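Enquirer: Below is the file entry.tsv, with TSV, C-alpha atoms.
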```
chain	number	residue	atom	x	y	z
A	1	MET	CA	-39.83	-97.43	55.91
A	2	THR	CA	-41.05	-95.31	53.02
A	3	SER	CA	-43.84	-93.03	54.11
A	4	ARG	CA	-47.31	-94.39	53.48
A	5	PHE	CA	-48.50	-90.85	52.83
A	6	PHE	CA	-48.66	-88.94	49.59
A	7	ASN	CA	-47.14	-85.52	50.18
A	8	ALA	CA	-49.07	-83.36	47.79
A	9	PRO	CA	-48.44	-80.14	45.93
A	10	GLU	CA	-50.82	-77.24	46.51
A	11	PRO	CA	-54.36	-78.08	45.34
A	12	PRO	CA	-56.01	-78.33	42.96
A	13	TYR	CA	-55.01	-81.79	41.78
A	14	TYR	CA	-57.03	-84.89	40.90
A	15	ALA	CA	-57.80	-88.17	42.66
A	16	VAL	CA	-58.95	-91.59	41.55
A	17	ILE	CA	-60.59	-93.15	44.61
A	18	PHE	CA	-60.63	-96.90	43.99
A	19	SER	CA	-62.34	-99.09	46.60
A	20	SER	CA	-62.49	-102.83	46.02
A	21	LEU	CA	-63.39	-106.09	47.68
A	22	LEU	CA	-61.24	-109.03	46.63
A	23	SER	CA	-63.01	-112.27	45.77
A	24	GLY	CA	-60.05	-114.40	46.87
A	25	GLU	CA	-59.93	-116.09	43.45
A	26	ASP	CA	-56.56	-116.37	41.70
A	27	ALA	CA	-54.66	-114.55	44.44
A	28	ASP	CA	-51.26	-115.23	42.84
A	29	GLY	CA	-52.44	-113.88	39.50
A	30	TYR	CA	-53.78	-110.81	41.24
A	31	ASP	CA	-50.49	-110.17	43.06
A	32	ALA	CA	-48.45	-110.51	39.86
A	33	MET	CA	-50.72	-108.20	37.85
A	34	HIS	CA	-50.99	-105.74	40.73
A	35	ASN	CA	-47.20	-105.40	40.84
A	36	HIS	CA	-46.95	-105.11	37.06
A	37	ILE	CA	-49.66	-102.45	36.84
A	38	TYR	CA	-48.24	-100.53	39.76
A	39	GLU	CA	-44.84	-100.32	38.06
A	40	ILE	CA	-46.42	-98.89	34.92
A	41	ALA	CA	-48.86	-96.61	36.73
A	42	VAL	CA	-46.18	-94.67	38.59
A	43	THR	CA	-44.41	-93.81	35.32
A	44	GLN	CA	-47.49	-92.31	33.63
A	45	PRO	CA	-47.34	-88.62	32.68
A	46	GLY	CA	-49.19	-86.59	35.29
A	47	TYR	CA	-48.92	-89.21	38.05
A	48	LEU	CA	-48.26	-87.52	41.42
A	49	GLY	CA	-48.47	-90.24	44.06
A	50	LEU	CA	-50.75	-92.71	45.80
A	51	GLU	CA	-51.95	-94.04	49.14
A	52	THR	CA	-53.20	-97.60	49.53
A	53	THR	CA	-54.39	-99.97	52.22
A	54	ARG	CA	-56.38	-103.21	52.50
A	55	ASP	CA	-57.75	-105.00	55.54
A	56	GLU	CA	-57.94	-108.70	56.41
A	57	GLU	CA	-61.44	-109.00	54.89
A	58	GLY	CA	-59.94	-108.05	51.52
A	59	PHE	CA	-61.54	-104.60	51.43
A	60	GLY	CA	-59.08	-102.03	50.10
A	61	ILE	CA	-58.97	-98.36	49.24
A	62	THR	CA	-56.33	-96.95	46.91
A	63	VAL	CA	-56.27	-93.27	46.06
A	64	VAL	CA	-54.07	-92.32	43.11
A	65	TYR	CA	-53.30	-88.66	42.50
A	66	TYR	CA	-52.74	-86.95	39.16
A	67	ASP	CA	-52.10	-83.41	37.98
A	68	SER	CA	-54.99	-83.32	35.48
A	69	PRO	CA	-58.18	-85.10	34.38
A	70	GLN	CA	-56.44	-85.82	31.07
A	71	ALA	CA	-53.75	-87.87	32.85
A	72	ILE	CA	-56.49	-89.99	34.44
A	73	GLU	CA	-58.25	-90.47	31.13
A	74	ASN	CA	-55.02	-91.53	29.41
A	75	TRP	CA	-54.23	-94.07	32.12
A	76	GLY	CA	-57.75	-95.49	31.84
A	77	LYS	CA	-57.04	-96.26	28.17
A	78	ASN	CA	-53.61	-97.86	28.71
A	79	SER	CA	-53.65	-101.31	27.10
A	80	ASP	CA	-52.01	-103.24	29.98
A	81	HIS	CA	-54.36	-101.47	32.34
A	82	LYS	CA	-57.37	-102.52	30.22
A	83	VAL	CA	-56.27	-106.17	30.39
A	84	ALA	CA	-56.02	-105.87	34.17
A	85	GLN	CA	-59.46	-104.24	34.39
A	86	ASN	CA	-61.02	-107.12	32.47
A	87	LYS	CA	-59.30	-109.76	34.60
A	88	GLY	CA	-60.40	-107.85	37.69
A	89	ARG	CA	-64.06	-108.10	36.72
A	90	GLU	CA	-63.76	-111.72	35.62
A	91	SER	CA	-62.00	-113.01	38.68
A	92	TRP	CA	-60.19	-110.90	41.28
A	93	TYR	CA	-62.87	-108.50	42.48
A	94	GLN	CA	-66.17	-109.17	44.18
A	95	GLY	CA	-66.93	-105.52	43.51
A	96	TYR	CA	-65.40	-102.09	43.17
A	97	ARG	CA	-66.14	-98.38	42.99
A	98	ILE	CA	-64.06	-95.87	41.03
A	99	ARG	CA	-64.58	-92.18	41.71
A	100	ILE	CA	-62.81	-89.33	39.94
A	101	ALA	CA	-62.54	-86.23	42.09
A	102	LYS	CA	-60.92	-82.81	42.11
A	103	VAL	CA	-59.04	-82.11	45.34
A	104	GLU	CA	-59.69	-78.56	46.45
A	105	ARG	CA	-58.17	-78.39	49.97
A	106	GLU	CA	-55.69	-80.35	52.04
A	107	SER	CA	-54.39	-80.42	55.57
A	108	SER	CA	-51.80	-82.66	57.13
A	109	PHE	CA	-50.26	-83.65	60.45
A	110	ASP	CA	-47.03	-85.47	61.24
A	111	ARG	CA	-45.38	-86.15	64.59
B	112	MET	CA	-72.77	-108.60	56.03
B	113	THR	CA	-73.51	-104.97	55.34
B	114	SER	CA	-71.87	-103.85	52.12
B	115	ARG	CA	-68.51	-102.22	52.55
B	116	PHE	CA	-69.28	-99.99	49.59
B	117	PHE	CA	-70.93	-96.61	49.52
B	118	ASN	CA	-73.61	-96.66	46.84
B	119	ALA	CA	-73.62	-93.10	45.65
B	120	PRO	CA	-76.15	-90.80	44.04
B	121	GLU	CA	-75.28	-89.25	40.68
B	122	PRO	CA	-72.24	-86.97	40.93
B	123	PRO	CA	-71.40	-84.30	41.81
B	124	TYR	CA	-71.02	-84.91	45.53
B	125	TYR	CA	-68.15	-84.28	47.94
B	126	ALA	CA	-65.53	-86.45	49.60
B	127	VAL	CA	-63.32	-86.13	52.64
B	128	ILE	CA	-60.35	-88.43	52.01
B	129	PHE	CA	-58.79	-89.13	55.41
B	130	SER	CA	-55.62	-91.22	55.49
B	131	SER	CA	-53.96	-91.90	58.82
B	132	LEU	CA	-51.25	-93.92	60.49
B	133	LEU	CA	-52.04	-94.97	64.05
B	134	SER	CA	-49.32	-94.51	66.66
B	135	GLY	CA	-50.53	-97.48	68.73
B	136	GLU	CA	-50.83	-95.22	71.80
B	137	ASP	CA	-54.05	-95.38	73.85
B	138	ALA	CA	-55.71	-97.93	71.57
B	139	ASP	CA	-58.73	-98.36	73.89
B	140	GLY	CA	-59.28	-94.61	74.04
B	141	TYR	CA	-59.04	-94.46	70.26
B	142	ASP	CA	-61.60	-97.25	69.79
B	143	ALA	CA	-64.08	-95.63	72.19
B	144	MET	CA	-63.77	-92.19	70.59
B	145	HIS	CA	-63.84	-93.65	67.08
B	146	ASN	CA	-67.17	-95.35	67.81
B	147	HIS	CA	-68.58	-92.24	69.46
B	148	ILE	CA	-67.58	-89.96	66.59
B	149	TYR	CA	-68.82	-92.41	63.99
B	150	GLU	CA	-72.27	-92.47	65.61
B	151	ILE	CA	-72.47	-88.68	65.49
B	152	ALA	CA	-70.94	-88.34	62.01
B	153	VAL	CA	-73.55	-90.47	60.29
B	154	THR	CA	-76.37	-88.28	61.64
B	155	GLN	CA	-74.92	-84.99	60.31
B	156	PRO	CA	-76.99	-83.07	57.76
B	157	GLY	CA	-75.61	-83.73	54.29
B	158	TYR	CA	-73.87	-87.01	55.21
B	159	LEU	CA	-74.24	-89.55	52.38
B	160	GLY	CA	-72.08	-92.52	53.34
B	161	LEU	CA	-68.53	-93.74	53.87
B	162	GLU	CA	-65.97	-96.41	53.02
B	163	THR	CA	-63.20	-97.32	55.42
B	164	THR	CA	-60.35	-99.79	55.77
B	165	ARG	CA	-57.11	-100.15	57.77
B	166	ASP	CA	-54.28	-102.64	57.41
B	167	GLU	CA	-52.19	-104.50	59.99
B	168	GLU	CA	-49.54	-101.73	59.98
B	169	GLY	CA	-52.19	-99.30	61.24
B	170	PHE	CA	-52.43	-97.38	57.97
B	171	GLY	CA	-56.04	-96.56	57.18
B	172	ILE	CA	-58.05	-94.70	54.58
B	173	THR	CA	-61.58	-93.51	55.27
B	174	VAL	CA	-63.54	-91.63	52.63
B	175	VAL	CA	-66.67	-89.88	53.90
B	176	TYR	CA	-69.15	-88.53	51.37
B	177	TYR	CA	-71.35	-85.44	51.71
B	178	ASP	CA	-73.83	-83.61	49.54
B	179	SER	CA	-72.13	-80.20	49.84
B	180	PRO	CA	-68.95	-78.43	50.93
B	181	GLN	CA	-71.04	-76.69	53.62
B	182	ALA	CA	-71.87	-80.05	55.22
B	183	ILE	CA	-68.14	-80.84	55.44
B	184	GLU	CA	-67.38	-77.44	56.93
B	185	ASN	CA	-70.11	-77.82	59.56
B	186	TRP	CA	-68.87	-81.24	60.61
B	187	GLY	CA	-65.32	-79.88	60.92
B	188	LYS	CA	-66.60	-77.41	63.52
B	189	ASN	CA	-68.64	-79.94	65.55
B	190	SER	CA	-67.51	-79.70	69.18
B	191	ASP	CA	-67.19	-83.46	69.86
B	192	HIS	CA	-65.32	-83.77	66.59
B	193	LYS	CA	-62.93	-81.00	67.63
B	194	VAL	CA	-62.14	-82.82	70.90
B	195	ALA	CA	-61.41	-85.98	68.90
B	196	GLN	CA	-59.17	-84.07	66.46
B	197	ASN	CA	-57.09	-82.71	69.34
B	198	LYS	CA	-56.74	-86.12	70.99
B	199	GLY	CA	-55.81	-87.56	67.61
B	200	ARG	CA	-52.88	-85.18	67.23
B	201	GLU	CA	-51.80	-85.58	70.87
B	202	SER	CA	-51.82	-89.33	70.94
B	203	TRP	CA	-53.58	-91.63	68.45
B	204	TYR	CA	-52.06	-90.61	65.14
B	205	GLN	CA	-48.50	-90.76	63.92
B	206	GLY	CA	-49.70	-88.67	61.01
B	207	TYR	CA	-52.65	-87.96	58.76
B	208	ARG	CA	-53.76	-86.27	55.56
B	209	ILE	CA	-57.21	-84.77	55.00
B	210	ARG	CA	-58.26	-83.90	51.47
B	211	ILE	CA	-61.54	-82.31	50.44
B	212	ALA	CA	-62.57	-83.21	46.92
B	213	LYS	CA	-65.47	-82.85	44.54
B	214	VAL	CA	-66.47	-86.16	42.93
B	215	GLU	CA	-67.22	-85.63	39.28
B	216	ARG	CA	-67.58	-89.18	37.87
B	217	GLU	CA	-68.19	-92.66	39.21
B	218	SER	CA	-68.27	-96.20	37.93
B	219	SER	CA	-68.99	-99.39	39.79
B	220	PHE	CA	-68.90	-103.16	39.46
B	221	ASP	CA	-70.59	-105.87	41.50
B	222	ARG	CA	-70.73	-109.62	40.96
```
Show me the file's structure as structure tokens.
Expert:
Amino acid sequence: MTSRFFNAPEPPYYAVIFSSLLSGEDADGYDAMHNHIYEIAVTQPGYLGLETTRDEEGFGITVVYYDSPQAIENWGKNSDHKVAQNKGRESWYQGYRIRIAKVERESSFDR
Amino acid sequence: MTSRFFNAPEPPYYAVIFSSLLSGEDADGYDAMHNHIYEIAVTQPGYLGLETTRDEEGFGITVVYYDSPQAIENWGKNSDHKVAQNKGRESWYQGYRIRIAKVERESSFDR
């Protein structure tokens, strides 16, 4: 299995902390767009990696890491991404929070 | 149901992004300590709120928010917390990442 962890460079780097609660509406549409957006996201300049998880209530947290605030801003303006954002508010999400943060320190543990 | 979202004050504030993969060892011990630590954590000076989720593979992300880096440092040194950290490395976790970040911007959506 691919590691679920993002193995980061030395800080500082930048994080988009995206927490969301799915509405359950249009689950197939959500899955298709999620896969499409994911494929584009990982090719964006400045993308470093991500960690993601979602529980059986539909509450998920995805943290996407970038090398600069500019990379985050550019991705926010991507046209496919904007379509997905609009669909998300119309149908897929009950709610979400997006937080942009600068990572200053990191520690890790692996067996 | 209590909201799964942390409703934040205006940035800046601080985040501890904790991602972890459970080993499956000593699940009862983990649950008991998790509840104990959670009860203490939410009473710490500077604690603002948290969001947490974990999927069926045992991969979880918890983001805990504080009003200052000092609050995070103090909680890291809490004696009960230190006991839990040691047990976590000995038994409960296959691996984890801890990232300390300064939240600079936020946006939110709710139906």
Enquirer: May I have the residues within 6 Å of range 97-106 of chain A as an mmCIF file with C-alpha atoms, keeping the file's coordinate frame, using only C-alpha atoms and disregarding those fewer than 6 positions away in the same chain?
Expert:
```
data_model
loop_
_atom_site.group_PDB
_atom_site.id
_atom_site.type_symbol
_atom_site.label_atom_id
_atom_site.label_comp_id
_atom_site.auth_asym_id
_atom_site.auth_seq_id
_atom_site.Cartn_x
_atom_site.Cartn_y
_atom_site.Cartn_z
ATOM 1 C CA PRO A 11 -54.360 -78.080 45.340
ATOM 2 C CA PRO A 12 -56.010 -78.330 42.960
ATOM 3 C CA TYR A 13 -55.010 -81.790 41.780
ATOM 4 C CA TYR A 14 -57.030 -84.890 40.900
ATOM 5 C CA ALA A 15 -57.800 -88.170 42.660
ATOM 6 C CA VAL A 16 -58.950 -91.590 41.550
ATOM 7 C CA ILE A 17 -60.590 -93.150 44.610
ATOM 8 C CA PHE A 18 -60.630 -96.900 43.990
ATOM 9 C CA SER A 19 -62.340 -99.090 46.600
ATOM 10 C CA ILE B 209 -57.210 -84.770 55.000
ATOM 11 C CA ARG B 210 -58.260 -83.900 51.470
ATOM 12 C CA ILE B 211 -61.540 -82.310 50.440
ATOM 13 C CA ALA B 212 -62.570 -83.210 46.920
ATOM 14 C CA LYS B 213 -65.470 -82.850 44.540
ATOM 15 C CA VAL B 214 -66.470 -86.160 42.930
ATOM 16 C CA GLU B 215 -67.220 -85.630 39.280
ATOM 17 C CA ARG B 216 -67.580 -89.180 37.870
ATOM 18 C CA GLU B 217 -68.190 -92.660 39.210
ATOM 19 C CA SER B 218 -68.270 -96.200 37.930
ATOM 20 C CA SER B 219 -68.990 -99.390 39.790
#
```
Enquirer: For the reference chain B, what are the coordinates of chain A after least-squares fitting (all Cα, in-order pairing), as a PDB file with C-alpha atoms, keeping the file's coordinate frame?
Expert:
```pdb
ATOM      1  CA  MET A   1     -72.750-108.612  56.046  1.00  0.00           C
ATOM      2  CA  THR A   2     -73.501-104.971  55.328  1.00  0.00           C
ATOM      3  CA  SER A   3     -71.869-103.869  52.120  1.00  0.00           C
ATOM      4  CA  ARG A   4     -68.499-102.216  52.564  1.00  0.00           C
ATOM      5  CA  PHE A   5     -69.284 -99.986  49.601  1.00  0.00           C
ATOM      6  CA  PHE A   6     -70.934 -96.603  49.527  1.00  0.00           C
ATOM      7  CA  ASN A   7     -73.602 -96.670  46.838  1.00  0.00           C
ATOM      8  CA  ALA A   8     -73.629 -93.109  45.645  1.00  0.00           C
ATOM      9  CA  PRO A   9     -76.150 -90.804  44.045  1.00  0.00           C
ATOM     10  CA  GLU A  10     -75.290 -89.264  40.684  1.00  0.00           C
ATOM     11  CA  PRO A  11     -72.250 -86.961  40.937  1.00  0.00           C
ATOM     12  CA  PRO A  12     -71.417 -84.319  41.818  1.00  0.00           C
ATOM     13  CA  TYR A  13     -71.027 -84.918  45.540  1.00  0.00           C
ATOM     14  CA  TYR A  14     -68.164 -84.281  47.961  1.00  0.00           C
ATOM     15  CA  ALA A  15     -65.526 -86.459  49.618  1.00  0.00           C
ATOM     16  CA  VAL A  16     -63.318 -86.129  52.662  1.00  0.00           C
ATOM     17  CA  ILE A  17     -60.357 -88.432  52.021  1.00  0.00           C
ATOM     18  CA  PHE A  18     -58.798 -89.119  55.419  1.00  0.00           C
ATOM     19  CA  SER A  19     -55.620 -91.222  55.496  1.00  0.00           C
ATOM     20  CA  SER A  20     -53.961 -91.889  58.835  1.00  0.00           C
ATOM     21  CA  LEU A  21     -51.251 -93.919  60.487  1.00  0.00           C
ATOM     22  CA  LEU A  22     -52.032 -94.978  64.042  1.00  0.00           C
ATOM     23  CA  SER A  23     -49.310 -94.516  66.641  1.00  0.00           C
ATOM     24  CA  GLY A  24     -50.533 -97.463  68.721  1.00  0.00           C
ATOM     25  CA  GLU A  25     -50.838 -95.228  71.800  1.00  0.00           C
ATOM     26  CA  ASP A  26     -54.054 -95.394  73.831  1.00  0.00           C
ATOM     27  CA  ALA A  27     -55.708 -97.938  71.545  1.00  0.00           C
ATOM     28  CA  ASP A  28     -58.726 -98.372  73.844  1.00  0.00           C
ATOM     29  CA  GLY A  29     -59.289 -94.626  73.993  1.00  0.00           C
ATOM     30  CA  TYR A  30     -59.056 -94.464  70.229  1.00  0.00           C
ATOM     31  CA  ASP A  31     -61.609 -97.258  69.759  1.00  0.00           C
ATOM     32  CA  ALA A  32     -64.086 -95.637  72.158  1.00  0.00           C
ATOM     33  CA  MET A  33     -63.786 -92.189  70.561  1.00  0.00           C
ATOM     34  CA  HIS A  34     -63.857 -93.657  67.060  1.00  0.00           C
ATOM     35  CA  ASN A  35     -67.182 -95.355  67.802  1.00  0.00           C
ATOM     36  CA  HIS A  36     -68.597 -92.237  69.448  1.00  0.00           C
ATOM     37  CA  ILE A  37     -67.577 -89.961  66.577  1.00  0.00           C
ATOM     38  CA  TYR A  38     -68.819 -92.404  63.985  1.00  0.00           C
ATOM     39  CA  GLU A  39     -72.269 -92.466  65.593  1.00  0.00           C
ATOM     40  CA  ILE A  40     -72.473 -88.679  65.466  1.00  0.00           C
ATOM     41  CA  ALA A  41     -70.933 -88.334  62.011  1.00  0.00           C
ATOM     42  CA  VAL A  42     -73.550 -90.461  60.270  1.00  0.00           C
ATOM     43  CA  THR A  43     -76.363 -88.270  61.630  1.00  0.00           C
ATOM     44  CA  GLN A  44     -74.920 -84.983  60.322  1.00  0.00           C
ATOM     45  CA  PRO A  45     -76.990 -83.063  57.759  1.00  0.00           C
ATOM     46  CA  GLY A  46     -75.608 -83.731  54.295  1.00  0.00           C
ATOM     47  CA  TYR A  47     -73.865 -86.996  55.220  1.00  0.00           C
ATOM     48  CA  LEU A  48     -74.233 -89.542  52.386  1.00  0.00           C
ATOM     49  CA  GLY A  49     -72.073 -92.523  53.316  1.00  0.00           C
ATOM     50  CA  LEU A  50     -68.533 -93.737  53.881  1.00  0.00           C
ATOM     51  CA  GLU A  51     -65.968 -96.397  53.039  1.00  0.00           C
ATOM     52  CA  THR A  52     -63.187 -97.312  55.451  1.00  0.00           C
ATOM     53  CA  THR A  53     -60.343 -99.776  55.787  1.00  0.00           C
ATOM     54  CA  ARG A  54     -57.113-100.160  57.775  1.00  0.00           C
ATOM     55  CA  ASP A  55     -54.281-102.644  57.411  1.00  0.00           C
ATOM     56  CA  GLU A  56     -52.196-104.484  60.009  1.00  0.00           C
ATOM     57  CA  GLU A  57     -49.534-101.733  59.993  1.00  0.00           C
ATOM     58  CA  GLY A  58     -52.188 -99.307  61.250  1.00  0.00           C
ATOM     59  CA  PHE A  59     -52.426 -97.386  57.976  1.00  0.00           C
ATOM     60  CA  GLY A  60     -56.048 -96.561  57.181  1.00  0.00           C
ATOM     61  CA  ILE A  61     -58.049 -94.704  54.580  1.00  0.00           C
ATOM     62  CA  THR A  62     -61.580 -93.508  55.280  1.00  0.00           C
ATOM     63  CA  VAL A  63     -63.541 -91.633  52.652  1.00  0.00           C
ATOM     64  CA  VAL A  64     -66.668 -89.872  53.906  1.00  0.00           C
ATOM     65  CA  TYR A  65     -69.151 -88.525  51.381  1.00  0.00           C
ATOM     66  CA  TYR A  66     -71.348 -85.451  51.726  1.00  0.00           C
ATOM     67  CA  ASP A  67     -73.829 -83.610  49.537  1.00  0.00           C
ATOM     68  CA  SER A  68     -72.137 -80.196  49.842  1.00  0.00           C
ATOM     69  CA  PRO A  69     -68.946 -78.416  50.940  1.00  0.00           C
ATOM     70  CA  GLN A  70     -71.029 -76.692  53.622  1.00  0.00           C
ATOM     71  CA  ALA A  71     -71.867 -80.055  55.233  1.00  0.00           C
ATOM     72  CA  ILE A  72     -68.139 -80.822  55.449  1.00  0.00           C
ATOM     73  CA  GLU A  73     -67.373 -77.433  56.937  1.00  0.00           C
ATOM     74  CA  ASN A  74     -70.109 -77.814  59.561  1.00  0.00           C
ATOM     75  CA  TRP A  75     -68.856 -81.248  60.591  1.00  0.00           C
ATOM     76  CA  GLY A  76     -65.317 -79.882  60.903  1.00  0.00           C
ATOM     77  CA  LYS A  77     -66.608 -77.408  63.507  1.00  0.00           C
ATOM     78  CA  ASN A  78     -68.627 -79.931  65.550  1.00  0.00           C
ATOM     79  CA  SER A  79     -67.485 -79.698  69.175  1.00  0.00           C
ATOM     80  CA  ASP A  80     -67.179 -83.460  69.859  1.00  0.00           C
ATOM     81  CA  HIS A  81     -65.327 -83.778  66.589  1.00  0.00           C
ATOM     82  CA  LYS A  82     -62.909 -80.995  67.623  1.00  0.00           C
ATOM     83  CA  VAL A  83     -62.134 -82.822  70.882  1.00  0.00           C
ATOM     84  CA  ALA A  84     -61.409 -85.975  68.889  1.00  0.00           C
ATOM     85  CA  GLN A  85     -59.180 -84.068  66.453  1.00  0.00           C
ATOM     86  CA  ASN A  86     -57.100 -82.704  69.321  1.00  0.00           C
ATOM     87  CA  LYS A  87     -56.752 -86.110  70.978  1.00  0.00           C
ATOM     88  CA  GLY A  88     -55.812 -87.555  67.596  1.00  0.00           C
ATOM     89  CA  ARG A  89     -52.882 -85.173  67.229  1.00  0.00           C
ATOM     90  CA  GLU A  90     -51.805 -85.573  70.846  1.00  0.00           C
ATOM     91  CA  SER A  91     -51.839 -89.330  70.947  1.00  0.00           C
ATOM     92  CA  TRP A  92     -53.588 -91.622  68.462  1.00  0.00           C
ATOM     93  CA  TYR A  93     -52.072 -90.623  65.132  1.00  0.00           C
ATOM     94  CA  GLN A  94     -48.498 -90.756  63.934  1.00  0.00           C
ATOM     95  CA  GLY A  95     -49.702 -88.668  61.011  1.00  0.00           C
ATOM     96  CA  TYR A  96     -52.647 -87.964  58.763  1.00  0.00           C
ATOM     97  CA  ARG A  97     -53.755 -86.273  55.561  1.00  0.00           C
ATOM     98  CA  ILE A  98     -57.207 -84.773  55.011  1.00  0.00           C
ATOM     99  CA  ARG A  99     -58.249 -83.902  51.475  1.00  0.00           C
ATOM    100  CA  ILE A 100     -61.539 -82.308  50.463  1.00  0.00           C
ATOM    101  CA  ALA A 101     -62.564 -83.207  46.935  1.00  0.00           C
ATOM    102  CA  LYS A 102     -65.478 -82.845  44.548  1.00  0.00           C
ATOM    103  CA  VAL A 103     -66.468 -86.151  42.950  1.00  0.00           C
ATOM    104  CA  GLU A 104     -67.214 -85.623  39.287  1.00  0.00           C
ATOM    105  CA  ARG A 105     -67.577 -89.178  37.887  1.00  0.00           C
ATOM    106  CA  GLU A 106     -68.196 -92.657  39.224  1.00  0.00           C
ATOM    107  CA  SER A 107     -68.261 -96.199  37.956  1.00  0.00           C
ATOM    108  CA  SER A 108     -68.991 -99.396  39.802  1.00  0.00           C
ATOM    109  CA  PHE A 109     -68.901-103.172  39.466  1.00  0.00           C
ATOM    110  CA  ASP A 110     -70.581-105.883  41.515  1.00  0.00           C
ATOM    111  CA  ARG A 111     -70.716-109.632  40.939  1.00  0.00           C
TER     112      ARG A 111
END
```
Enquirer: Pick out the residues sitting within 12 Å of Val42 in chain A, and hand them over as a list in words; count only C-alpha atoms, and ignore anything fewer than 5 positions along from it in its own chain.
Expert: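 In the requested form, the answer reads Asn35, His36, Ile37, Tyr47, Leu48, Gly49, Leu50, Val64, Tyr65, Tyr66, Ala71 and Trp75 of chain A.
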Enquirer: Using all atoms listed in the file, can you tell me which of A:Arg54, A:Lys77, A:Lys82, A:Lys87 comes closest to chain B?
Expert: A:Arg54
Enquirer: Take the point (-45.6, -96.9, 55.3) as written in the file and pick out every residue within 10 Å of it, counting all atoms listed in the file; give the list as an MDAnalysis selection string.
Expert: (chainID A and resid 1:5 51:53) or (chainID B and resid 132 168:170)
Enquirer: Can you report as lines of an AutoDock Vina configuration file the centre and edge lengths in Å, to one decimal, of an axis-aligned box around the listed atoms of range 60-65 of chain A padded with 5 Å on each side?
Expert:
```
center_x = -56.2
center_y = -95.3
center_z = 46.3
size_x = 15.8
size_y = 23.4
size_z = 17.6
```
Enquirer: Would you list the contacts of range 199-203 of chain B as a ChimeraX atom specification, taking every protein, DNA or RNA residue within 10 Å and counting only C-alpha atoms, but skipping same-chain residues closer than 6 positions in sequence?
Expert: /A:109-111 /B:131-138,140-142,144,193
Enquirer: Compare B:Asp191, B:Asp178, B:Glu184, B:Glu167 by their minimum atom-to-atom distance to chain A, counting only C-alpha atoms, and give me the closest one.
Expert: B:Glu167
